[in-house]
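To keep things clear, I will list the structure first and then write my remarks on it.
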2 protein chains.
Amino acid sequence: EIVDAITARLADGPLKGKRVLVTSGPTHEPIDPVRYIANRSSGAQGTAIASALAALGADVVFVTGPADVPPPTGVSVVRVETAQQMHDAVHEALPCDAAVFAAAVADWKVDGAGDSKIKKVAGQLPTLSFTENPDILASVAQMDTGRPRLVVGFAAETDDVLANATAKHARKGCDWLLANDVRPETGIMGGGENAVHLVTGDGVEDWPRMAKAEVARKLAARMAEALA
Amino acid sequence: EIVDAITARLADGPLKGKRVLVTSGPTHEPIDPVRYIANRSSGAQGTAIASALAALGADVVFVTGPADVPPPTGVSVVRVETAQQMHDAVHEALPCDAAVFAAAVADWKVDGAGDSKIKKVAGQLPTLSFTENPDILASVAQMDTGRPRLVVGFAAETDDVLANATAKHARKGCDWLLANDVRPETGIMGGGENAVHLVTGDGVEDWPRMAKAEVARKLAARMAEALA
């Protein structure tokens, strides 16, 4: 860790002078004061990306939900819980040269999450209704002015990974999209490895399965090329 | 930790030869392969209770959901995720002399939690319907045969703490109920301290706010008296 911090601070790499935003981890959406909706993102991939970007000299702003893994050293950390808070923190962190949206953001929040714990009443079942959370990736990728030069999204899919990812790439307006298959049997969500497809305007690249730190270094190197 | 383990193993205390079950932590209820419903229990109080019972010589079976704090040393650990899994693990761990149900168990599970990630479709909002989880505390407290001699429940309340706890004590059929106020402003859920009320057949005792380890030691000592 100390070595990481020194490396990051001394880093005189290709991203020196570039400000890069990275989101990471899950978001939590309250149901009531004690219950919430979460997801299985550990924050490992986003943390590795932030670390790899810092190692290339970037000035990294790291906006993270409640992740299992600690944030990397050598970056500015902004901690949030809900998707709305992450949206607001992201827009406060702009402008920047590039942004990587690796967080697994809740699409929906619970309508009217209350101040009182929902009580169990015999014979009654609760119903939850939802409203849409802001689309953080699209809100940055589609900015008219002040848009980062390079906007990178993630797509966590369990079915038709490539078709869904290609459609998402077009719909969101991001430059690159990293798609991965998060079916539980892949062990990717919460695990140490990732197998991603990089969707760009030029097509799809299939990267072999590798450590999340390797995916991060490969992505950071590609970002440095694109921003050079 | 090493000291704890040695203490537990050498413990020749008042609970020597007694088998005690402790549940702890939150449960997670899947919504789809990546999303789940959780709660803010850290597992700190249940872990402290298991540790305190082991220190008095008890043979502790510790059934824990995905908690923030690591399980104590010197106990048998059974890890579960959902309420149903916790129910099954508890009944497999019986018979025992006493049982403390400190876990924050989800009252409901999501109906038909699927193998595919729920997709975001423009203009559509998901609806979740629920079914009741088994009532673990009641299922043990109301056993006709093989019931532990001492069954201790917890009630985490945000409103009318004492009224709700007294009603729960009667309804569940447990011997003792420890009630606490988990409104976020108390800092109890996820924090280091607890302020509990002990509801027994004799009435209600208000314990002053103290460290969760102190609550645990006080409860373990009372249990040792009751089982003597």
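In the structure tokens, chains take letters A, B, ... by order of appearance, with residues numbered from 1 within each chain and ligands from 1 in the order shown.
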Query - Residue hits in chain A, query chain B, radius 10 Å, only C-alpha atoms, as number ranges by chain - result: A: 26, 28-41, 68, 104, 106-108, 115-120, 122-132, 156-159, 164, 182-185, 189
Query raised in the report: Which parts of chain A does DSSP call strand (DSSP E) when run on the backbone here, written out as a PyMOL selection string?
Result: chain A and resi 19-24+29-30+35-39+59-64+76-79+98-101+108-110+130-132+150-157+176-181+193-194+196-200+203-206+210-211
Query raised in the report: Can you tell me, as a VMD selection string, what residues are no more than 10 Å from Gln84 of chain B when counting only C-alpha atoms, ignoring any on the same chain fewer than 3 positions away?
Result: chain B and resid 27 29 80 to 81 87 to 90 105 to 106 109 133 to 136
Query raised in the report: Which residues in segment 28-197 of chain B does DSSP call alpha helix (DSSP H)? List them as a ChimeraX atom specification.
Result: /B:44-55,83-93,136-141,161-172
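Candidate residues A:Gly112, A:Pro95, A:Gly203, A:Pro148 were compared for distance to Ala170 of chain A, and the nearest is A:Gly203, using only C-alpha atoms.
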